[in-house]
$ cat run_31.pdb   # PDB, C-alpha atoms
ATOM      1  CA  MET A  27      98.032  85.549 129.507
ATOM      2  CA  ALA A  28     100.191  86.705 126.622
ATOM      3  CA  LYS A  29     100.713  90.424 126.166
ATOM      4  CA  VAL A  30      99.320  91.285 122.728
ATOM      5  CA  GLY A  31      99.867  94.400 120.630
ATOM      6  CA  VAL A  32      98.165  95.450 117.411
ATOM      7  CA  VAL A  33     100.227  97.585 115.025
ATOM      8  CA  PHE A  34      98.066 100.072 113.137
ATOM      9  CA  ASP A  35      99.823 102.961 111.401
ATOM     10  CA  LYS A  36      97.352 105.850 111.738
ATOM     11  CA  LYS A  37      99.165 108.218 109.346
ATOM     12  CA  GLU A  38      99.267 105.625 106.564
ATOM     13  CA  ALA A  39      95.606 104.769 107.184
ATOM     14  CA  GLU A  40      94.624 108.440 106.898
ATOM     15  CA  ARG A  41      96.599 108.799 103.643
ATOM     16  CA  ARG A  42      94.733 105.854 102.174
ATOM     17  CA  ARG A  43      91.343 106.997 103.420
ATOM     18  CA  ALA A  44      92.002 110.428 101.843
ATOM     19  CA  ARG A  45      92.374 108.613  98.492
ATOM     20  CA  GLY A  46      89.074 106.790  99.055
ATOM     21  CA  VAL A  47      90.608 103.454 100.101
ATOM     22  CA  ASN A  48      88.871 101.599 102.928
ATOM     23  CA  VAL A  49      91.152 100.379 105.712
ATOM     24  CA  PHE A  50      89.465  97.391 107.347
ATOM     25  CA  ALA A  51      92.479  96.243 109.371
ATOM     26  CA  ALA A  52      91.328  98.042 112.535
ATOM     27  CA  TYR A  53      88.527  95.473 112.722
ATOM     28  CA  ILE A  54      90.955  93.092 114.457
ATOM     29  CA  GLY A  55      90.532  95.280 117.555
ATOM     30  CA  GLU A  56      86.809  94.513 117.599
ATOM     31  CA  VAL A  57      87.515  90.802 117.192
ATOM     32  CA  LEU A  58      89.983  90.786 120.092
ATOM     33  CA  ASN A  59      87.631  92.835 122.296
ATOM     34  CA  HIS A  60      84.745  90.489 121.529
ATOM     35  CA  ALA A  61      86.911  87.494 122.472
ATOM     36  CA  GLY A  62      87.949  89.184 125.724
ATOM     37  CA  ILE A  63      91.627  89.319 124.750
ATOM     38  CA  PRO A  64      93.373  92.391 126.182
ATOM     39  CA  PHE A  65      95.711  94.205 123.795
ATOM     40  CA  GLU A  66      97.350  97.546 123.189
ATOM     41  CA  TRP A  67      97.385  99.602 119.998
ATOM     42  CA  LEU A  68     100.803 100.485 118.552
ATOM     43  CA  ASP A  69     100.882 103.379 116.096
ATOM     44  CA  GLY A  70     103.551 102.136 113.696
ATOM     45  CA  THR A  71     106.083  99.313 113.610
ATOM     46  CA  GLU A  72     108.805 101.471 115.178
ATOM     47  CA  ARG A  73     106.912 101.046 118.465
ATOM     48  CA  LEU A  74     107.772  97.320 118.374
ATOM     49  CA  THR A  75     111.305  98.159 119.489
ATOM     50  CA  GLU A  76     110.092  99.575 122.813
ATOM     51  CA  ALA A  77     106.991  97.454 123.451
ATOM     52  CA  ARG A  78     107.291  94.401 125.665
ATOM     53  CA  LEU A  79     104.917  92.097 123.836
ATOM     54  CA  ASP A  80     104.601  88.357 123.478
ATOM     55  CA  VAL A  81     102.555  88.650 120.275
ATOM     56  CA  ALA A  82     102.402  91.467 117.732
ATOM     57  CA  ILE A  83      99.592  91.517 115.192
ATOM     58  CA  VAL A  84     100.694  93.748 112.330
ATOM     59  CA  ALA A  85      97.258  94.862 111.174
ATOM     60  CA  PHE A  86      98.214  97.797 108.984
ATOM     61  CA  ALA A  87     101.638  99.188 108.150
ATOM     62  CA  PRO A  88     103.178 100.662 104.998
ATOM     63  CA  GLU A  89     105.282  98.456 102.727
ATOM     64  CA  LEU A  90     108.565 100.214 103.496
ATOM     65  CA  PRO A  91     112.081  98.962 104.301
ATOM     66  CA  ALA A  92     111.715 100.460 107.804
ATOM     67  CA  THR A  93     108.582  98.364 108.399
ATOM     68  CA  THR A  94     110.437  95.197 107.412
ATOM     69  CA  LYS A  95     113.372  96.174 109.635
ATOM     70  CA  HIS A  96     111.231  96.800 112.732
ATOM     71  CA  VAL A  97     109.140  93.633 112.370
ATOM     72  CA  TRP A  98     112.236  91.522 111.656
ATOM     73  CA  GLU A  99     114.041  92.895 114.727
ATOM     74  CA  TYR A 100     111.013  92.237 116.939
ATOM     75  CA  ALA A 101     110.696  88.652 115.684
ATOM     76  CA  SER A 102     114.461  88.112 115.992
ATOM     77  CA  ARG A 103     114.189  88.970 119.699
ATOM     78  CA  GLY A 104     111.702  86.109 120.078
ATOM     79  CA  GLY A 105     108.429  87.967 119.559
ATOM     80  CA  THR A 106     105.631  86.155 117.774
ATOM     81  CA  THR A 107     104.443  88.093 114.736
ATOM     82  CA  ILE A 108     101.094  87.699 113.010
ATOM     83  CA  ALA A 109     100.774  89.517 109.699
ATOM     84  CA  TYR A 110      97.106  90.420 109.456
ATOM     85  CA  GLY A 111      97.703  91.409 105.865
ATOM     86  CA  ARG A 112     100.429  92.782 103.655
ATOM     87  CA  LEU A 113     104.091  92.669 104.788
ATOM     88  CA  HIS A 114     104.920  91.395 101.315
ATOM     89  CA  ASN A 115     108.328  93.066 101.567
ATOM     90  CA  MET A 116     109.312  90.406 104.111
ATOM     91  CA  ALA A 117     108.683  87.555 101.671
ATOM     92  CA  SER A 118     112.193  87.341 100.244
ATOM     93  CA  LYS A 119     113.760  87.578 103.709
ATOM     94  CA  LEU A 120     111.671  84.530 104.702
ATOM     95  CA  GLY A 121     112.452  82.593 101.530
ATOM     96  CA  CYS A 122     108.981  83.165 100.072
ATOM     97  CA  VAL A 123     107.792  84.390  96.713
ATOM     98  CA  ARG A 124     104.534  86.148  96.124
ATOM     99  CA  ALA A 125     102.192  84.033  94.062
ATOM    100  CA  ALA A 126      99.702  85.352  91.555
ATOM    101  CA  PRO A 127      96.383  86.104  93.281
ATOM    102  CA  PHE A 128      93.170  84.186  92.674
ATOM    103  CA  GLU A 129      90.332  86.523  91.792
ATOM    104  CA  THR A 130      87.423  84.633  93.376
ATOM    105  CA  GLY A 131      86.839  81.081  94.496
ATOM    106  CA  TYR A 132      85.500  78.676  97.099
ATOM    107  CA  ALA A 133      87.356  76.778  99.798
ATOM    108  CA  SER A 134      86.192  73.682 101.644
ATOM    109  CA  LEU A 135      87.056  73.572 105.320
ATOM    110  CA  PRO A 136      88.156  70.394 107.150
ATOM    111  CA  ALA A 137      85.236  68.151 108.137
ATOM    112  CA  GLU A 138      86.367  68.115 111.787
ATOM    113  CA  TRP A 139      85.562  71.843 111.951
ATOM    114  CA  GLY A 140      81.898  71.039 111.411
ATOM    115  CA  ASP A 141      79.575  71.510 108.471
ATOM    116  CA  MET A 142      80.229  75.131 107.517
ATOM    117  CA  GLY A 143      79.645  74.795 103.819
ATOM    118  CA  GLU A 144      82.039  76.416 101.424
ATOM    119  CA  LEU A 145      83.902  79.638 102.165
ATOM    120  CA  ARG A 146      83.801  82.140  99.316
ATOM    121  CA  PHE A 147      86.932  84.244  98.930
ATOM    122  CA  ALA A 148      87.960  87.197  96.806
ATOM    123  CA  GLY A 149      91.419  88.611  96.305
ATOM    124  CA  LEU A 150      93.323  85.588  97.621
ATOM    125  CA  SER A 151      97.090  85.304  97.390
ATOM    126  CA  VAL A 152      99.193  82.388  98.587
ATOM    127  CA  GLU A 153     102.869  82.453  99.498
ATOM    128  CA  ASP A 154     104.820  79.231  99.789
ATOM    129  CA  ARG A 155     107.978  78.574 101.786
ATOM    130  CA  SER A 156     109.189  74.995 101.775
ATOM    131  CA  GLY A 157     105.733  73.511 102.249
ATOM    132  CA  PHE A 158     104.342  76.212 104.569
ATOM    133  CA  ARG A 159     101.376  78.110 103.209
ATOM    134  CA  THR A 160     100.469  81.672 104.100
ATOM    135  CA  ILE A 161      97.078  82.824 102.902
ATOM    136  CA  SER A 162      95.941  86.429 102.726
ATOM    137  CA  VAL A 163      92.267  87.084 102.006
ATOM    138  CA  SER A 164      91.035  90.591 101.284
ATOM    139  CA  ALA A 165      87.312  89.766 101.468
ATOM    140  CA  ALA A 166      85.485  86.622 102.456
ATOM    141  CA  GLY A 167      82.051  85.302 103.378
ATOM    142  CA  TYR A 168      80.203  82.063 103.816
ATOM    143  CA  ASN A 169      78.198  80.719 100.935
TER     144      ASN A 169
END
$ encode --input "run_31.pdb" --output "structure tokens"
Amino acid sequence: MAKVGVVFDKKEAERRRARGVNVFAAYIGEVLNHAGIPFEWLDGTERLTEARLDVAIVAFAPELPATTKHVWEYASRGGTTIAYGRLHNMASKLGCVRAAPFETGYASLPAEWGDMGELRFAGLSVEDRSGFRTISVSAAGYN
């Protein structure tokens, strides 16, 4: 099984919570636990340099040059990186541009996934890189 790490910067999360901002990114830990996928928490992207991971899920990290540097170095060494949200500072390095967000909308899922109805989304932004689409959703639910 792949060795998985979840990056969650506790100091940044506490700063945001002190300003009244909810930080939902830690929820990925519950999802992984529920699925029976073992993982380790990493407090900050600088830990990526020492961790021996196959997959790093960057759940919550500040948008700083150091964050970009650490994630880029990890990926350059062959590590698979999943941005669970944010990491917009990496867009230009990957040849992407940040698109204007959609406020609210509905998405239809492929028929082969079953009849799930439409997925309502809020706060959606899409980044495009030569035909690849990256979608970040801040809040979602089934309609």
$ atom_distance --input "run_31.pdb" --atom1 "atom CA of Ile83 of chain A" --atom2 "atom CA of Glu144 of chain A"
26.9 Å
$ atom_distance --input "run_31.pdb" --atom1 "atom CA of Tyr110 of chain A" --atom2 "atom CA of Ala52 of chain A"
10.0 Å
$ residues_near_point --input "run_31.pdb" --point "(103.7, 92.3, 108.9)" --cutoff "8 Å" --atoms "all atoms listed in the file" --output "ChimeraX atom specification"
/A:83-87,93-94,97,107-114,116
$ residues_around --input "run_31.pdb" --residues "Tyr100 of chain A" --least-positions-apart "2" --cutoff "12 Å" --atoms "all atoms listed in the file" --output "PyMOL selection string"
chain A and resi 31+71-84+93-98+102-108
$ atom_distance --input "run_31.pdb" --atom1 "atom CA of Arg43 of chain A" --atom2 "atom CA of Glu129 of chain A"
23.6 Å
$ residues_near_point --input "run_31.pdb" --point "(96.7, 98.9, 123.9)" --cutoff "9 Å" --atoms "only C-alpha atoms" --output "ChimeraX atom specification"
/A:30-32,64-68
$ closest_residue --input "run_31.pdb" --among "A:Lys119, A:Arg42, A:Arg146, A:Lys36" --to "Tyr132 of chain A" --atoms "only C-alpha atoms"
A:Arg146
$ resolve_selection --input "run_31.pdb" --expression "the PyMOL selection byres ((chain A and resi 35) around 7)" --output "PyMOL selection string"
chain A and resi 33-34+36-39+69-70+86-87
$ axis_aligned_box --input "run_31.pdb" --around "segment 85-101 of chain A" --padding-each-side "3 Å" --output "lines of an AutoDock Vina configuration file"
center_x = 105.6
center_y = 94.7
center_z = 109.8
size_x = 22.8
size_y = 18.0
size_z = 20.2
$ decode --input "run_31.pdb" --residues "segment 28-168 of chain A" --atoms "C-alpha atoms" --output "JSON list (two decimals), in the first residue's frame"
[["chain", "number", "residue", "atom", "x", "y", "z"],
["A", 28, "ALA", "CA", 1.17, 3.53, -0.73],
["A", 29, "LYS", "CA", 2.48, 5.60, 2.14],
["A", 30, "VAL", "CA", 0.20, 8.65, 2.38],
["A", 31, "GLY", "CA", 0.76, 11.92, 4.22],
["A", 32, "VAL", "CA", -1.65, 14.78, 4.82],
["A", 33, "VAL", "CA", -0.12, 18.25, 5.12],
["A", 34, "PHE", "CA", -2.06, 20.44, 7.55],
["A", 35, "ASP", "CA", -0.35, 23.58, 8.83],
["A", 36, "LYS", "CA", -1.63, 23.91, 12.41],
["A", 37, "LYS", "CA", -0.26, 27.43, 13.01],
["A", 38, "GLU", "CA", -1.91, 28.81, 9.87],
["A", 39, "ALA", "CA", -5.16, 27.04, 10.77],
["A", 40, "GLU", "CA", -5.14, 28.59, 14.25],
["A", 41, "ARG", "CA", -4.49, 32.06, 12.78],
["A", 42, "ARG", "CA", -7.50, 31.68, 10.52],
["A", 43, "ARG", "CA", -9.73, 30.26, 13.23],
["A", 44, "ALA", "CA", -8.79, 33.23, 15.45],
["A", 45, "ARG", "CA", -10.20, 35.50, 12.71],
["A", 46, "GLY", "CA", -13.42, 33.46, 12.60],
["A", 47, "VAL", "CA", -12.58, 31.52, 9.43],
["A", 48, "ASN", "CA", -13.59, 27.85, 9.37],
["A", 49, "VAL", "CA", -10.86, 25.44, 8.27],
["A", 50, "PHE", "CA", -12.57, 22.36, 6.85],
["A", 51, "ALA", "CA", -9.46, 20.81, 5.28],
["A", 52, "ALA", "CA", -8.82, 18.52, 8.27],
["A", 53, "TYR", "CA", -11.94, 16.62, 7.20],
["A", 54, "ILE", "CA", -9.79, 14.68, 4.71],
["A", 55, "GLY", "CA", -8.42, 12.77, 7.73],
["A", 56, "GLU", "CA", -11.92, 11.53, 8.54],
["A", 57, "VAL", "CA", -12.46, 10.50, 4.93],
["A", 58, "LEU", "CA", -9.20, 8.54, 4.83],
["A", 59, "ASN", "CA", -9.91, 6.91, 8.20],
["A", 60, "HIS", "CA", -13.40, 5.91, 7.08],
["A", 61, "ALA", "CA", -11.95, 4.35, 3.92],
["A", 62, "GLY", "CA", -9.36, 2.45, 5.97],
["A", 63, "ILE", "CA", -6.42, 4.23, 4.33],
["A", 64, "PRO", "CA", -3.50, 4.67, 6.75],
["A", 65, "PHE", "CA", -1.81, 8.08, 6.66],
["A", 66, "GLU", "CA", 0.33, 10.40, 8.73],
["A", 67, "TRP", "CA", -0.25, 14.06, 9.52],
["A", 68, "LEU", "CA", 2.49, 16.51, 8.49],
["A", 69, "ASP", "CA", 2.44, 19.89, 10.21],
["A", 70, "GLY", "CA", 3.58, 22.11, 7.35],
["A", 71, "THR", "CA", 5.03, 21.60, 3.88],
["A", 72, "GLU", "CA", 8.61, 21.78, 5.15],
["A", 73, "ARG", "CA", 8.03, 18.27, 6.54],
["A", 74, "LEU", "CA", 7.74, 16.99, 2.94],
["A", 75, "THR", "CA", 11.52, 17.20, 2.62],
["A", 76, "GLU", "CA", 12.06, 14.59, 5.34],
["A", 77, "ALA", "CA", 8.97, 12.41, 4.92],
["A", 78, "ARG", "CA", 9.22, 9.26, 2.84],
["A", 79, "LEU", "CA", 5.80, 9.34, 1.22],
["A", 80, "ASP", "CA", 4.37, 8.02, -2.01],
["A", 81, "VAL", "CA", 1.45, 10.46, -1.93],
["A", 82, "ALA", "CA", 1.14, 13.84, -0.21],
["A", 83, "ILE", "CA", -2.28, 15.42, 0.17],
["A", 84, "VAL", "CA", -1.75, 19.12, 0.79],
["A", 85, "ALA", "CA", -4.93, 19.79, 2.76],
["A", 86, "PHE", "CA", -4.09, 23.16, 4.25],
["A", 87, "ALA", "CA", -0.98, 25.29, 3.85],
["A", 88, "PRO", "CA", -0.37, 29.03, 3.55],
["A", 89, "GLU", "CA", 0.05, 30.60, 0.12],
["A", 90, "LEU", "CA", 3.73, 31.44, 0.58],
["A", 91, "PRO", "CA", 6.81, 31.04, -1.65],
["A", 92, "ALA", "CA", 8.19, 28.51, 0.87],
["A", 93, "THR", "CA", 5.06, 26.37, 0.47],
["A", 94, "THR", "CA", 5.47, 26.35, -3.31],
["A", 95, "LYS", "CA", 9.17, 25.50, -2.94],
["A", 96, "HIS", "CA", 8.58, 22.54, -0.60],
["A", 97, "VAL", "CA", 5.73, 21.04, -2.63],
["A", 98, "TRP", "CA", 7.64, 21.52, -5.90],
["A", 99, "GLU", "CA", 10.75, 19.83, -4.48],
["A", 100, "TYR", "CA", 8.70, 16.89, -3.18],
["A", 101, "ALA", "CA", 6.98, 16.42, -6.54],
["A", 102, "SER", "CA", 10.28, 16.82, -8.40],
["A", 103, "ARG", "CA", 11.65, 13.86, -6.41],
["A", 104, "GLY", "CA", 8.80, 11.74, -7.80],
["A", 105, "GLY", "CA", 6.21, 12.20, -5.05],
["A", 106, "THR", "CA", 2.57, 12.34, -6.07],
["A", 107, "THR", "CA", 0.92, 15.54, -4.85],
["A", 108, "ILE", "CA", -2.80, 16.09, -4.40],
["A", 109, "ALA", "CA", -3.81, 19.68, -3.71],
["A", 110, "TYR", "CA", -6.91, 19.40, -1.56],
["A", 111, "GLY", "CA", -7.44, 23.11, -2.04],
["A", 112, "ARG", "CA", -5.46, 26.26, -2.60],
["A", 113, "LEU", "CA", -1.82, 26.09, -3.80],
["A", 114, "HIS", "CA", -2.72, 28.80, -6.29],
["A", 115, "ASN", "CA", 0.85, 30.08, -6.11],
["A", 116, "MET", "CA", 1.94, 26.98, -8.02],
["A", 117, "ALA", "CA", -0.30, 27.77, -10.99],
["A", 118, "SER", "CA", 2.23, 29.77, -13.00],
["A", 119, "LYS", "CA", 4.97, 27.20, -12.35],
["A", 120, "LEU", "CA", 2.65, 24.56, -13.86],
["A", 121, "GLY", "CA", 1.64, 26.72, -16.82],
["A", 122, "CYS", "CA", -1.83, 27.41, -15.40],
["A", 123, "VAL", "CA", -3.79, 30.59, -14.90],
["A", 124, "ARG", "CA", -6.42, 31.07, -12.27],
["A", 125, "ALA", "CA", -9.84, 31.44, -13.81],
["A", 126, "ALA", "CA", -12.62, 33.60, -12.46],
["A", 127, "PRO", "CA", -14.72, 31.61, -9.97],
["A", 128, "PHE", "CA", -18.32, 30.58, -10.55],
["A", 129, "GLU", "CA", -20.53, 31.66, -7.68],
["A", 130, "THR", "CA", -23.04, 28.79, -7.68],
["A", 131, "GLY", "CA", -24.12, 26.18, -10.18],
["A", 132, "TYR", "CA", -25.00, 22.58, -10.94],
["A", 133, "ALA", "CA", -22.87, 19.86, -12.49],
["A", 134, "SER", "CA", -24.07, 16.67, -14.15],
["A", 135, "LEU", "CA", -21.97, 13.60, -13.46],
["A", 136, "PRO", "CA", -21.19, 10.93, -16.08],
["A", 137, "ALA", "CA", -24.03, 8.44, -16.57],
["A", 138, "GLU", "CA", -21.68, 5.49, -15.93],
["A", 139, "TRP", "CA", -21.32, 6.71, -12.33],
["A", 140, "GLY", "CA", -24.99, 5.98, -11.75],
["A", 141, "ASP", "CA", -28.01, 8.21, -11.33],
["A", 142, "MET", "CA", -26.79, 10.71, -8.74],
["A", 143, "GLY", "CA", -28.77, 13.68, -9.94],
["A", 144, "GLU", "CA", -27.09, 17.02, -10.21],
["A", 145, "LEU", "CA", -24.28, 18.16, -7.93],
["A", 146, "ARG", "CA", -24.74, 21.68, -6.59],
["A", 147, "PHE", "CA", -21.53, 23.64, -6.12],
["A", 148, "ALA", "CA", -20.60, 26.98, -4.62],
["A", 149, "GLY", "CA", -17.32, 28.83, -4.91],
["A", 150, "LEU", "CA", -15.97, 26.86, -7.88],
["A", 151, "SER", "CA", -12.79, 27.84, -9.68],
["A", 152, "VAL", "CA", -11.28, 26.07, -12.67],
["A", 153, "GLU", "CA", -7.66, 26.17, -13.79],
["A", 154, "ASP", "CA", -6.70, 25.03, -17.26],
["A", 155, "ARG", "CA", -3.34, 23.75, -18.46],
["A", 156, "SER", "CA", -3.24, 22.55, -22.04],
["A", 157, "GLY", "CA", -6.54, 20.70, -21.82],
["A", 158, "PHE", "CA", -6.18, 19.46, -18.22],
["A", 159, "ARG", "CA", -8.80, 20.75, -15.82],
["A", 160, "THR", "CA", -8.30, 21.24, -12.11],
["A", 161, "ILE", "CA", -11.44, 21.97, -10.14],
["A", 162, "SER", "CA", -11.53, 23.36, -6.62],
["A", 163, "VAL", "CA", -14.88, 23.39, -4.82],
["A", 164, "SER", "CA", -15.28, 25.20, -1.52],
["A", 165, "ALA", "CA", -18.74, 23.81, -0.71],
["A", 166, "ALA", "CA", -20.86, 21.20, -2.41],
["A", 167, "GLY", "CA", -23.93, 19.03, -1.92],
["A", 168, "TYR", "CA", -26.29, 16.85, -3.86]]
